[in-house]
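Below: data-v2.cif (mmCIF, C-alpha atoms)
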```
data_start
#
loop_
_atom_site.label_atom_id
_atom_site.label_comp_id
_atom_site.auth_asym_id
_atom_site.auth_seq_id
_atom_site.Cartn_x
_atom_site.Cartn_y
_atom_site.Cartn_z
CA MET A 1 0.00 0.00 0.00
CA SER A 2 1.19 3.52 -0.76
CA ASP A 3 2.25 5.80 2.09
CA PRO A 4 -0.87 7.75 3.19
CA ARG A 5 1.39 10.70 4.09
CA GLY A 6 0.09 11.73 7.45
CA VAL A 7 -3.68 11.09 7.38
CA ALA A 8 -3.78 9.50 10.81
CA GLN A 9 -7.46 9.81 11.70
CA ALA A 10 -10.68 8.33 10.38
CA VAL A 11 -14.42 8.38 10.90
CA ILE A 12 -16.38 5.18 10.31
CA LEU A 13 -20.09 5.76 9.74
CA VAL A 14 -21.92 3.00 11.61
CA GLY A 15 -25.24 4.68 12.38
CA GLY A 16 -27.64 2.85 10.08
CA GLN A 17 -30.21 0.32 11.28
CA GLY A 18 -29.35 -2.22 8.59
CA THR A 19 -33.00 -2.82 7.70
CA ARG A 20 -32.13 -4.78 4.55
CA MET A 21 -30.19 -7.23 6.73
CA ARG A 22 -33.06 -8.12 9.03
CA PRO A 23 -33.56 -10.36 10.91
CA LEU A 24 -29.78 -10.58 11.45
CA THR A 25 -29.68 -6.94 12.56
CA ASP A 26 -32.59 -7.25 15.00
CA THR A 27 -30.06 -8.17 17.67
CA MET A 28 -26.77 -6.78 16.36
CA PRO A 29 -25.67 -3.64 14.50
CA LYS A 30 -24.75 -4.46 10.91
CA PRO A 31 -21.05 -3.51 11.26
CA MET A 32 -20.69 -6.10 14.03
CA LEU A 33 -21.90 -9.01 11.91
CA PRO A 34 -19.01 -11.49 11.66
CA LEU A 35 -16.81 -12.03 8.66
CA LEU A 36 -14.86 -15.26 9.25
CA GLY A 37 -14.95 -14.87 13.01
CA LEU A 38 -14.30 -11.13 13.32
CA PRO A 39 -16.85 -8.31 13.25
CA PHE A 40 -16.99 -6.84 9.78
CA VAL A 41 -15.99 -3.40 11.05
CA GLU A 42 -12.90 -4.96 12.64
CA ARG A 43 -11.74 -5.70 9.10
CA GLN A 44 -12.11 -2.01 8.26
CA VAL A 45 -10.17 -1.06 11.38
CA GLN A 46 -7.35 -3.41 10.36
CA HIS A 47 -7.24 -1.87 6.89
CA LEU A 48 -7.03 1.65 8.33
CA ALA A 49 -4.36 0.67 10.85
CA ARG A 50 -2.19 -0.79 8.09
CA ALA A 51 -2.40 2.59 6.36
CA GLY A 52 -1.08 4.41 9.42
CA VAL A 53 -4.34 5.60 10.94
CA ARG A 54 -4.06 5.91 14.71
CA ARG A 55 -7.31 7.61 15.73
CA ILE A 56 -10.71 6.23 14.75
CA VAL A 57 -14.06 7.75 15.61
CA PHE A 58 -17.21 5.66 15.25
CA SER A 59 -20.22 7.77 14.34
CA CYS A 60 -23.04 5.66 15.75
CA GLY A 61 -26.80 5.56 15.81
CA TYR A 62 -28.33 2.09 16.10
CA ARG A 63 -27.19 -0.15 18.98
CA PRO A 64 -23.95 1.75 19.67
CA ARG A 65 -23.24 -0.07 22.92
CA GLU A 66 -22.18 -3.30 21.18
CA ILE A 67 -19.58 -1.44 19.12
CA GLU A 68 -18.12 0.50 22.06
CA GLU A 69 -18.02 -2.56 24.33
CA TYR A 70 -16.13 -4.52 21.69
CA PHE A 71 -13.46 -1.94 20.79
CA GLY A 72 -13.20 0.07 24.01
CA ASP A 73 -10.70 2.89 23.87
CA GLY A 74 -8.62 1.11 21.22
CA SER A 75 -5.52 0.80 23.39
CA SER A 76 -5.36 -2.99 22.99
CA ARG A 77 -4.86 -2.36 19.26
CA GLY A 78 -2.41 0.51 19.68
CA LEU A 79 -5.11 2.94 18.55
CA GLU A 80 -7.21 5.76 19.93
CA MET A 81 -10.93 5.16 19.55
CA GLY A 82 -13.84 7.43 20.28
CA TYR A 83 -17.61 7.28 19.85
CA VAL A 84 -20.35 9.74 19.09
CA VAL A 85 -24.04 8.93 18.91
CA ASP A 86 -26.34 10.95 16.68
CA PRO A 87 -29.25 12.23 18.79
CA GLU A 88 -31.44 11.75 15.72
CA PRO A 89 -30.68 10.67 12.14
CA LEU A 90 -28.31 13.33 10.78
CA GLY A 91 -27.43 11.89 7.37
CA THR A 92 -23.93 10.98 6.25
CA ALA A 93 -22.54 14.52 6.42
CA GLY A 94 -24.36 15.43 9.62
CA ALA A 95 -22.86 12.34 11.26
CA ILE A 96 -19.37 13.48 10.25
CA ALA A 97 -20.00 16.93 11.68
CA ASN A 98 -21.17 15.32 14.90
CA ALA A 99 -17.79 13.56 15.19
CA GLU A 100 -15.73 16.71 14.63
CA SER A 101 -15.13 17.38 18.33
CA LEU A 102 -13.11 14.14 18.56
CA LEU A 103 -10.93 14.89 15.53
CA ASP A 104 -7.83 16.97 14.97
CA GLY A 105 -9.50 19.93 13.34
CA ASP A 106 -6.34 20.90 11.44
CA GLY A 107 -5.82 17.51 9.80
CA ASP A 108 -7.34 15.61 6.91
CA VAL A 109 -9.52 12.63 7.75
CA PHE A 110 -10.56 9.39 6.09
CA VAL A 111 -14.30 8.72 6.10
CA LEU A 112 -15.60 5.20 5.50
CA ASN A 113 -19.13 3.91 5.15
CA GLY A 114 -19.43 1.12 7.68
CA ASP A 115 -20.81 -1.44 5.24
CA ILE A 116 -18.14 -1.43 2.51
CA LEU A 117 -15.54 -4.17 2.14
CA THR A 118 -12.65 -2.98 0.00
CA ASP A 119 -8.89 -3.34 -0.36
CA LEU A 120 -8.58 0.18 -1.76
CA ASP A 121 -5.08 1.67 -1.66
CA LEU A 122 -5.72 4.43 0.86
CA GLY A 123 -2.32 5.97 0.27
CA ALA A 124 -3.03 6.40 -3.43
CA LEU A 125 -6.29 8.14 -2.55
CA VAL A 126 -4.44 10.58 -0.30
CA ALA A 127 -1.73 11.19 -2.90
CA HIS A 128 -4.39 12.12 -5.46
CA HIS A 129 -6.11 14.35 -2.91
CA LEU A 130 -2.91 16.24 -2.17
CA ALA A 131 -1.84 16.51 -5.81
CA LEU A 132 -5.13 18.20 -6.66
CA GLY A 133 -5.17 20.36 -3.55
CA ALA A 134 -8.74 19.13 -3.14
CA GLU A 135 -11.05 19.84 -0.26
CA ALA A 136 -12.57 16.37 -0.60
CA THR A 137 -11.58 13.31 -2.61
CA ILE A 138 -13.87 10.40 -3.38
CA ALA A 139 -12.89 6.83 -4.22
CA LEU A 140 -14.77 5.55 -7.26
CA THR A 141 -15.55 2.02 -8.34
CA PRO A 142 -16.67 0.87 -11.81
CA VAL A 143 -20.11 -0.63 -12.47
CA GLU A 144 -21.70 -1.99 -15.63
CA ASP A 145 -25.05 -0.33 -15.00
CA PRO A 146 -25.08 2.94 -13.05
CA SER A 147 -28.87 3.39 -13.15
CA ALA A 148 -29.30 2.32 -9.53
CA PHE A 149 -26.43 4.49 -8.30
CA GLY A 150 -25.09 7.99 -8.58
CA LEU A 151 -22.76 8.38 -11.54
CA VAL A 152 -19.67 10.55 -10.92
CA ARG A 153 -18.02 12.33 -13.84
CA THR A 154 -14.54 13.84 -13.74
CA ASP A 155 -12.22 15.87 -15.94
CA PRO A 156 -8.92 14.40 -17.22
CA ASP A 157 -7.13 15.55 -14.05
CA GLY A 158 -9.49 13.64 -11.79
CA ARG A 159 -11.53 16.57 -10.54
CA VAL A 160 -15.29 16.02 -10.24
CA THR A 161 -17.36 17.87 -12.82
CA GLU A 162 -20.80 16.33 -12.33
CA PHE A 163 -22.90 14.05 -10.15
CA VAL A 164 -25.79 12.30 -11.89
CA GLU A 165 -28.18 10.61 -9.47
CA LYS A 166 -29.58 7.32 -10.86
CA PRO A 167 -29.05 8.31 -14.49
CA GLY A 168 -31.51 7.34 -17.18
CA ALA A 169 -30.42 6.04 -20.58
CA ASP A 170 -30.65 9.54 -22.06
CA GLU A 171 -28.13 10.83 -19.49
CA LEU A 172 -25.40 8.31 -20.34
CA ILE A 173 -22.60 9.09 -22.75
CA PRO A 174 -21.59 6.19 -25.06
CA GLY A 175 -18.13 4.91 -24.21
CA GLU A 176 -17.79 6.77 -20.91
CA PRO A 177 -16.61 4.84 -17.84
CA TYR A 178 -19.46 4.25 -15.42
CA ARG A 179 -18.02 4.98 -11.99
CA ILE A 180 -19.87 5.43 -8.73
CA ASN A 181 -19.08 6.71 -5.25
CA ALA A 182 -17.34 3.85 -3.43
CA GLY A 183 -18.01 5.12 0.10
CA THR A 184 -14.43 6.04 1.05
CA TYR A 185 -13.31 9.68 1.22
CA VAL A 186 -10.57 12.03 2.32
CA LEU A 187 -11.89 15.28 3.76
CA ALA A 188 -9.83 18.39 4.46
CA PRO A 189 -10.83 20.72 7.33
CA SER A 190 -12.45 23.15 4.88
CA ALA A 191 -14.73 20.39 3.57
CA ARG A 192 -15.85 19.52 7.07
CA ALA A 193 -16.37 23.19 7.87
CA ALA A 194 -18.90 23.34 5.01
CA ILE A 195 -21.21 20.93 6.87
CA PRO A 196 -23.72 22.60 9.21
CA HIS A 197 -23.78 21.09 12.69
CA GLY A 198 -26.89 19.55 14.18
CA GLU A 199 -28.74 19.29 10.86
CA GLN A 200 -29.64 16.38 8.63
CA VAL A 201 -27.21 16.64 5.71
CA SER A 202 -26.21 14.14 3.03
CA ILE A 203 -22.57 14.25 2.00
CA GLU A 204 -23.48 12.67 -1.35
CA ARG A 205 -26.41 14.94 -2.27
CA ASP A 206 -25.57 18.14 -0.39
CA THR A 207 -21.93 18.55 0.60
CA PHE A 208 -20.10 17.10 -2.40
CA PRO A 209 -22.13 19.04 -5.01
CA LEU A 210 -21.56 22.24 -3.02
CA LEU A 211 -17.81 21.67 -2.92
CA ALA A 212 -17.66 20.50 -6.54
CA ALA A 213 -19.30 23.74 -7.68
CA ARG A 214 -16.20 25.57 -6.45
CA GLY A 215 -13.82 22.99 -7.94
CA GLY A 216 -12.97 21.40 -4.62
CA VAL A 217 -13.75 17.70 -5.15
CA GLY A 218 -11.34 15.14 -6.57
CA ALA A 219 -12.09 11.53 -7.44
CA LEU A 220 -9.90 8.50 -7.99
CA GLY A 221 -11.09 5.47 -9.91
CA SER A 222 -9.79 2.07 -8.89
CA GLY A 223 -10.15 -1.52 -9.96
CA CYS A 224 -9.73 -2.70 -6.38
CA TYR A 225 -12.04 -5.17 -4.68
CA TRP A 226 -15.26 -3.49 -3.57
CA ARG A 227 -18.51 -4.79 -2.10
CA ASP A 228 -21.42 -3.22 -0.27
CA ILE A 229 -22.49 -5.83 2.30
CA GLY A 230 -25.91 -4.27 2.86
CA THR A 231 -27.98 -7.33 1.88
CA PRO A 232 -27.85 -10.97 3.03
CA GLN A 233 -26.82 -12.15 -0.44
CA SER A 234 -23.97 -9.66 -0.60
CA TYR A 235 -22.95 -10.56 2.96
CA LEU A 236 -22.74 -14.22 1.96
CA ASP A 237 -20.87 -13.28 -1.21
CA ALA A 238 -18.32 -11.33 0.86
CA HIS A 239 -17.47 -14.54 2.72
CA LEU A 240 -17.12 -16.42 -0.55
CA ASP A 241 -14.87 -13.68 -1.96
CA VAL A 242 -12.59 -13.73 1.09
CA LEU A 243 -12.32 -17.51 0.97
CA ALA A 244 -11.51 -17.28 -2.75
CA GLY A 245 -8.65 -14.86 -2.03
CA ARG A 246 -10.24 -11.88 -3.78
CA VAL A 247 -9.78 -9.38 -0.93
CA GLY A 248 -6.20 -8.22 -0.98
CA PHE A 249 -5.58 -7.53 2.70
CA ILE A 250 -7.29 -10.67 4.09
CA THR A 251 -5.41 -13.93 3.73
CA PRO A 252 -7.95 -16.73 3.17
CA PRO A 253 -7.63 -19.59 5.66
CA GLY A 254 -8.58 -22.07 2.95
CA ALA A 255 -11.52 -22.89 0.72
CA SER A 256 -13.71 -23.01 3.83
CA TRP A 257 -13.40 -21.76 7.41
CA VAL A 258 -14.28 -23.51 10.64
CA ALA A 259 -13.63 -21.75 13.95
CA ASP A 260 -11.14 -23.46 16.22
CA ASP A 261 -13.74 -24.16 18.90
CA ALA A 262 -16.49 -25.30 16.54
CA HIS A 263 -17.28 -29.01 16.64
CA VAL A 264 -17.73 -30.83 13.33
CA ASP A 265 -18.48 -34.53 13.42
CA PRO A 266 -15.89 -36.51 11.43
CA SER A 267 -18.63 -37.87 9.16
CA ALA A 268 -19.96 -34.38 8.27
CA VAL A 269 -19.09 -32.77 4.94
CA ILE A 270 -17.87 -29.16 4.95
CA GLY A 271 -17.84 -27.87 1.37
CA ASP A 272 -15.94 -25.03 -0.23
CA GLY A 273 -17.34 -21.65 0.74
CA ALA A 274 -18.59 -22.73 4.15
CA SER A 275 -18.07 -20.48 7.17
CA VAL A 276 -18.73 -22.13 10.55
CA GLY A 277 -18.52 -19.81 13.54
CA PRO A 278 -17.23 -20.16 17.11
CA GLY A 279 -18.94 -22.77 19.23
CA ALA A 280 -21.09 -24.03 16.35
CA ARG A 281 -21.82 -27.74 16.04
CA VAL A 282 -22.30 -29.78 12.87
CA GLY A 283 -23.72 -33.24 13.44
CA ALA A 284 -23.01 -36.67 12.04
CA GLY A 285 -23.65 -37.04 8.34
CA ALA A 286 -24.58 -33.38 7.93
CA THR A 287 -23.61 -31.43 4.81
CA VAL A 288 -22.66 -27.77 4.92
CA GLY A 289 -22.16 -25.96 1.61
CA ARG A 290 -21.63 -22.32 0.66
CA CYS A 291 -23.17 -20.63 3.67
CA VAL A 292 -22.58 -18.60 6.83
CA ILE A 293 -23.24 -20.31 10.15
CA ALA A 294 -22.77 -17.94 13.07
CA GLY A 295 -21.46 -18.72 16.53
CA GLY A 296 -23.34 -21.21 18.67
CA ALA A 297 -25.53 -22.49 15.83
CA ARG A 298 -26.30 -26.21 15.56
CA VAL A 299 -26.77 -28.29 12.42
CA GLY A 300 -28.33 -31.62 13.33
CA ASP A 301 -27.38 -35.10 12.22
CA GLY A 302 -28.04 -35.69 8.53
CA ALA A 303 -29.13 -32.08 7.90
CA THR A 304 -28.11 -30.01 4.88
CA VAL A 305 -27.40 -26.27 4.86
CA ASP A 306 -26.39 -24.68 1.57
CA GLY A 307 -26.71 -21.05 0.43
CA ALA A 308 -28.09 -19.85 3.76
CA VAL A 309 -27.10 -17.30 6.38
CA LEU A 310 -27.79 -18.51 9.92
CA GLY A 311 -27.53 -16.18 12.92
CA ARG A 312 -26.22 -16.98 16.37
CA ASP A 313 -27.62 -20.03 18.18
CA VAL A 314 -29.84 -21.05 15.27
CA VAL A 315 -30.88 -24.72 15.43
CA VAL A 316 -31.33 -26.78 12.27
CA GLY A 317 -32.95 -30.04 13.32
CA PRO A 318 -31.78 -33.50 12.30
CA GLY A 319 -32.61 -34.33 8.69
CA ALA A 320 -33.71 -30.78 7.82
CA GLN A 321 -32.86 -29.44 4.37
CA VAL A 322 -32.11 -25.69 4.28
CA THR A 323 -31.16 -24.56 0.79
CA GLY A 324 -31.06 -21.28 -1.09
CA LEU A 325 -30.95 -17.89 0.56
CA VAL A 326 -32.61 -18.69 3.86
CA VAL A 327 -31.82 -16.00 6.43
CA ALA A 328 -32.48 -17.04 10.03
CA GLY A 329 -32.25 -14.59 12.91
CA ASP A 330 -30.53 -15.34 16.21
CA GLY A 331 -32.10 -18.21 18.13
CA ALA A 332 -34.38 -19.34 15.29
CA THR A 333 -35.22 -23.01 14.78
CA VAL A 334 -35.76 -25.12 11.67
CA PRO A 335 -37.64 -28.23 12.86
CA ASP A 336 -36.45 -31.78 12.35
CA GLY A 337 -36.85 -32.99 8.79
CA MET A 338 -38.22 -29.72 7.41
CA VAL A 339 -37.45 -28.80 3.79
CA LEU A 340 -36.93 -25.03 3.69
CA GLU A 341 -35.99 -23.43 0.39
CA GLY A 342 -34.96 -19.82 -0.06
CA PRO A 343 -35.44 -17.05 -0.52
CA ALA A 344 -36.99 -17.11 2.93
CA THR A 345 -36.49 -15.59 6.35
CA VAL A 346 -36.98 -17.04 9.80
CA ALA A 347 -37.58 -14.38 12.42
CA THR A 348 -35.35 -14.01 15.45
CA GLY A 349 -36.20 -16.59 18.09
CA SER A 350 -39.01 -18.14 16.03
CA VAL A 351 -39.70 -21.59 14.61
CA ALA A 352 -39.77 -21.90 10.83
CA SER A 353 -43.05 -23.03 9.32
CA ALA A 354 -43.62 -24.75 6.01
#
```

Show the structure stored in the file as C-alpha cells.
Amino acid sequence: MSDPRGVAQAVILVGGQGTRMRPLTDTMPKPMLPLLGLPFVERQVQHLARAGVRRIVFSCGYRPREIEEYFGDGSSRGLEMGYVVDPEPLGTAGAIANAESLLDGDGDVFVLNGDILTDLDLGALVAHHLALGAEATIALTPVEDPSAFGLVRTDPDGRVTEFVEKPGADELIPGEPYRINAGTYVLAPSARAAIPHGEQVSIERDTFPLLAARGGVGALGSGCYWRDIGTPQSYLDAHLDVLAGRVGFITPPGASWVADDAHVDPSAVIGDGASVGPGARVGAGATVGRCVIAGGARVGDGATVDGAVLGRDVVVGPGAQVTGLVVAGDGATVPDGMVLEGPATVATGSVASA
C-alpha cells in the first residue's frame, strides 16, 4: 500500500439500522456481523491501521453499545478510539460533523461507510487528494449499469465535474466509464467546515455538489475489490470472496473456514465456501455448503445447509434441508426434517413453518 502521508485519523459511519439485513440486525448492529470470526468493522479497522491511521471515531446511531463494548478505547490495538451517537438521524454529512469534536481539526480525515468491504489503496487516494489540492476526494468504483447508483463524472485531471443521481439512458454518454461513489473519502478541514452542525445533511447529495461547484472535489477510480455488504446475499458473497482470495488484505484460511472451537463430526461434509462460527456444532452425516453459520448455531445429524445465512444459536434439526438464501435470525429453529428453500427468512427466536 502507498504511504498515506500523514492522514492519521478516520471516521467510520456505523449509524444505520441495517433494515435490509433483518432479521440478522434485529439483535446486532450491521457492522458487528461477523466475517470469518471477526466483526466486519474490525476488518475495516485493520485496513485503516495498516495505512497508518491511529485515531478512529465511530459515528453511531443504532445499537452503539455493542460497538463500544467490543473496541473500548482502542488501546489494545495501539489505537485511539472514540464514539459519538447521533441524537437523531443526521445523514452521512451530519454524522461526520457530529464527530468533529473528537478529531484533529487541522488535519485531513478518512471517512468510510461502515458497510463497505474494499482493499482500496488508501495511500493512493491521499496522494491524489494532495496533488489536486482538493477539499474532498472520493474513491470511485466501476459498475456496468449505473442506473441504480449515482454516476460521478470527472475531468482528465481527476476533478469532479458532475454528479448524476440514478441516471436514465438519455443521461449516459456512449463509451464513458461508469463509476460510482465507493463510500471512502478524504476530507480536508475546509470540507468539514462546510457541513452545518446539528442538521440532517447528506454528503453525497448536499456537501459534495456544493464543494464540486467551487472545484474542490477530486475523485480516484480504482479496480480494487469493492462490495457493499448491505444485503444478506452480498454478505454471503463477501465470505465467498474472502475464501476465494479476492480481498487483498485478508489472507484466506482455505476454501472453507471452521472456527477453532467449533465441533464438526468426522462424518460431516464441509464444502468449499462454508463459514462455521465459534462454538457451532455440525452433526453426524450433515452437509454444509456455501453458507454462513454464526457462533453457537447447531446443524443436526443428517441435515443439509447450503446457500443460507444462519444467525447466532440457530438450530437446524436433524434431517432438515435448508437450501437457497434462507436468512435465520438469532435463536431461530428449523424443525427436524423440514425442507426449507430460499429465498426465505426465519424471524429471530421463532420456529420456521412450512

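Atom CA of A:Pro278 sits 11.8 Å away from atom CA of A:Gly311.
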
(request) Return as JSON, numbers by chain the set of residues that the PyMOL selection byres ((chain A and resi 328-340) around 6) yields on the displayed structure. (result) {"A": [23, 24, 310, 311, 312, 313, 314, 315, 316, 317, 318, 319, 320, 321, 322, 327, 341, 345, 346, 347, 348, 349, 350, 351, 352]}

Assuming the chain letters and numbering stay as they are in my file, what does the PyMOL selection byres ((chain A and resi 211-226) around 6) actually select? List them as a PyMOL selection string. chain A and resi 117-120+134-141+158-160+208-210+227

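Here atom CA of A:Ala127 is placed at a distance of 10.5 Å from atom CA of A:Val7.
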
Subject >> Neighbour list for stretch 96-103 of chain A as an MDAnalysis selection string, cut-off 9 Å, all atoms listed in the file, skip fewer than 3 positions in-chain >> reply: chainID A and resid 9:13 55:59 82:86 90:93 106:107 109 111 192:193 195:198 203

Resulting file, chosen residues, C-alpha atoms, as a tab-separated table (two decimals), keeping the file's coordinate frame:
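Result file is selection.tsv:
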```
chain	number	residue	atom	x	y	z
A	9	GLN	CA	-7.46	9.81	11.70
A	10	ALA	CA	-10.68	8.33	10.38
A	11	VAL	CA	-14.42	8.38	10.90
A	12	ILE	CA	-16.38	5.18	10.31
A	13	LEU	CA	-20.09	5.76	9.74
A	55	ARG	CA	-7.31	7.61	15.73
A	56	ILE	CA	-10.71	6.23	14.75
A	57	VAL	CA	-14.06	7.75	15.61
A	58	PHE	CA	-17.21	5.66	15.25
A	59	SER	CA	-20.22	7.77	14.34
A	82	GLY	CA	-13.84	7.43	20.28
A	83	TYR	CA	-17.61	7.28	19.85
A	84	VAL	CA	-20.35	9.74	19.09
A	85	VAL	CA	-24.04	8.93	18.91
A	86	ASP	CA	-26.34	10.95	16.68
A	90	LEU	CA	-28.31	13.33	10.78
A	91	GLY	CA	-27.43	11.89	7.37
A	92	THR	CA	-23.93	10.98	6.25
A	93	ALA	CA	-22.54	14.52	6.42
A	106	ASP	CA	-6.34	20.90	11.44
A	107	GLY	CA	-5.82	17.51	9.80
A	109	VAL	CA	-9.52	12.63	7.75
A	111	VAL	CA	-14.30	8.72	6.10
A	192	ARG	CA	-15.85	19.52	7.07
A	193	ALA	CA	-16.37	23.19	7.87
A	195	ILE	CA	-21.21	20.93	6.87
A	196	PRO	CA	-23.72	22.60	9.21
A	197	HIS	CA	-23.78	21.09	12.69
A	198	GLY	CA	-26.89	19.55	14.18
A	203	ILE	CA	-22.57	14.25	2.00
```

N, CA and C atoms are what I want for stretch 98-121 of chain A; can you complete it accordingly and write them as an mmCIF file, in the frame of the given file?
```cif
data_model
loop_
_atom_site.group_PDB
_atom_site.id
_atom_site.type_symbol
_atom_site.label_atom_id
_atom_site.label_comp_id
_atom_site.auth_asym_id
_atom_site.auth_seq_id
_atom_site.Cartn_x
_atom_site.Cartn_y
_atom_site.Cartn_z
ATOM 1 N N ASN A 98 -20.971 15.668 13.504
ATOM 2 C CA ASN A 98 -21.170 15.320 14.900
ATOM 3 C C ASN A 98 -19.919 14.710 15.521
ATOM 4 N N ALA A 99 -19.036 14.155 14.692
ATOM 5 C CA ALA A 99 -17.790 13.560 15.190
ATOM 6 C C ALA A 99 -16.642 14.549 15.260
ATOM 7 N N GLU A 100 -16.833 15.754 14.784
ATOM 8 C CA GLU A 100 -15.730 16.710 14.630
ATOM 9 C C GLU A 100 -15.022 17.012 15.944
ATOM 10 N N SER A 101 -15.748 17.027 17.054
ATOM 11 C CA SER A 101 -15.130 17.380 18.330
ATOM 12 C C SER A 101 -14.071 16.373 18.769
ATOM 13 N N LEU A 102 -14.092 15.157 18.199
ATOM 14 C CA LEU A 102 -13.110 14.140 18.560
ATOM 15 C C LEU A 102 -11.976 14.030 17.546
ATOM 16 N N LEU A 103 -11.955 14.917 16.569
ATOM 17 C CA LEU A 103 -10.930 14.890 15.530
ATOM 18 C C LEU A 103 -9.940 16.027 15.716
ATOM 19 N N ASP A 104 -8.780 15.870 15.105
ATOM 20 C CA ASP A 104 -7.830 16.970 14.970
ATOM 21 C C ASP A 104 -8.365 17.891 13.882
ATOM 22 N N GLY A 105 -8.846 19.039 14.290
ATOM 23 C CA GLY A 105 -9.500 19.930 13.340
ATOM 24 C C GLY A 105 -8.599 20.466 12.261
ATOM 25 N N ASP A 106 -7.278 20.372 12.433
ATOM 26 C CA ASP A 106 -6.340 20.900 11.440
ATOM 27 C C ASP A 106 -5.881 19.826 10.449
ATOM 28 N N GLY A 107 -6.309 18.586 10.643
ATOM 29 C CA GLY A 107 -5.820 17.510 9.800
ATOM 30 C C GLY A 107 -6.877 16.951 8.867
ATOM 31 N N ASP A 108 -6.432 16.330 7.784
ATOM 32 C CA ASP A 108 -7.340 15.610 6.910
ATOM 33 C C ASP A 108 -7.834 14.353 7.617
ATOM 34 N N VAL A 109 -8.935 13.805 7.120
ATOM 35 C CA VAL A 109 -9.520 12.630 7.750
ATOM 36 C C VAL A 109 -10.076 11.686 6.686
ATOM 37 N N PHE A 110 -9.860 10.385 6.891
ATOM 38 C CA PHE A 110 -10.560 9.390 6.090
ATOM 39 C C PHE A 110 -11.985 9.266 6.619
ATOM 40 N N VAL A 111 -12.929 9.050 5.726
ATOM 41 C CA VAL A 111 -14.300 8.720 6.100
ATOM 42 C C VAL A 111 -14.688 7.453 5.354
ATOM 43 N N LEU A 112 -15.201 6.469 6.094
ATOM 44 C CA LEU A 112 -15.600 5.200 5.500
ATOM 45 C C LEU A 112 -17.051 4.906 5.847
ATOM 46 N N ASN A 113 -17.828 4.495 4.854
ATOM 47 C CA ASN A 113 -19.130 3.910 5.150
ATOM 48 C C ASN A 113 -18.905 2.568 5.837
ATOM 49 N N GLY A 114 -19.670 2.301 6.873
ATOM 50 C CA GLY A 114 -19.430 1.120 7.680
ATOM 51 C C GLY A 114 -19.915 -0.186 7.111
ATOM 52 N N ASP A 115 -20.337 -0.198 5.843
ATOM 53 C CA ASP A 115 -20.810 -1.440 5.240
ATOM 54 C C ASP A 115 -20.103 -1.750 3.921
ATOM 55 N N ILE A 116 -18.896 -1.214 3.752
ATOM 56 C CA ILE A 116 -18.140 -1.430 2.510
ATOM 57 C C ILE A 116 -16.890 -2.253 2.797
ATOM 58 N N LEU A 117 -16.755 -3.362 2.086
ATOM 59 C CA LEU A 117 -15.540 -4.170 2.140
ATOM 60 C C LEU A 117 -14.724 -3.857 0.905
ATOM 61 N N THR A 118 -13.508 -3.359 1.126
ATOM 62 C CA THR A 118 -12.650 -2.980 0.000
ATOM 63 C C THR A 118 -11.193 -3.090 0.395
ATOM 64 N N ASP A 119 -10.340 -3.370 -0.593
ATOM 65 C CA ASP A 119 -8.890 -3.340 -0.360
ATOM 66 C C ASP A 119 -8.270 -2.129 -1.063
ATOM 67 N N LEU A 120 -9.034 -1.066 -1.157
ATOM 68 C CA LEU A 120 -8.580 0.180 -1.760
ATOM 69 C C LEU A 120 -7.231 0.617 -1.200
ATOM 70 N N ASP A 121 -6.362 1.098 -2.073
ATOM 71 C CA ASP A 121 -5.080 1.670 -1.660
ATOM 72 C C ASP A 121 -5.352 3.061 -1.093
#
```
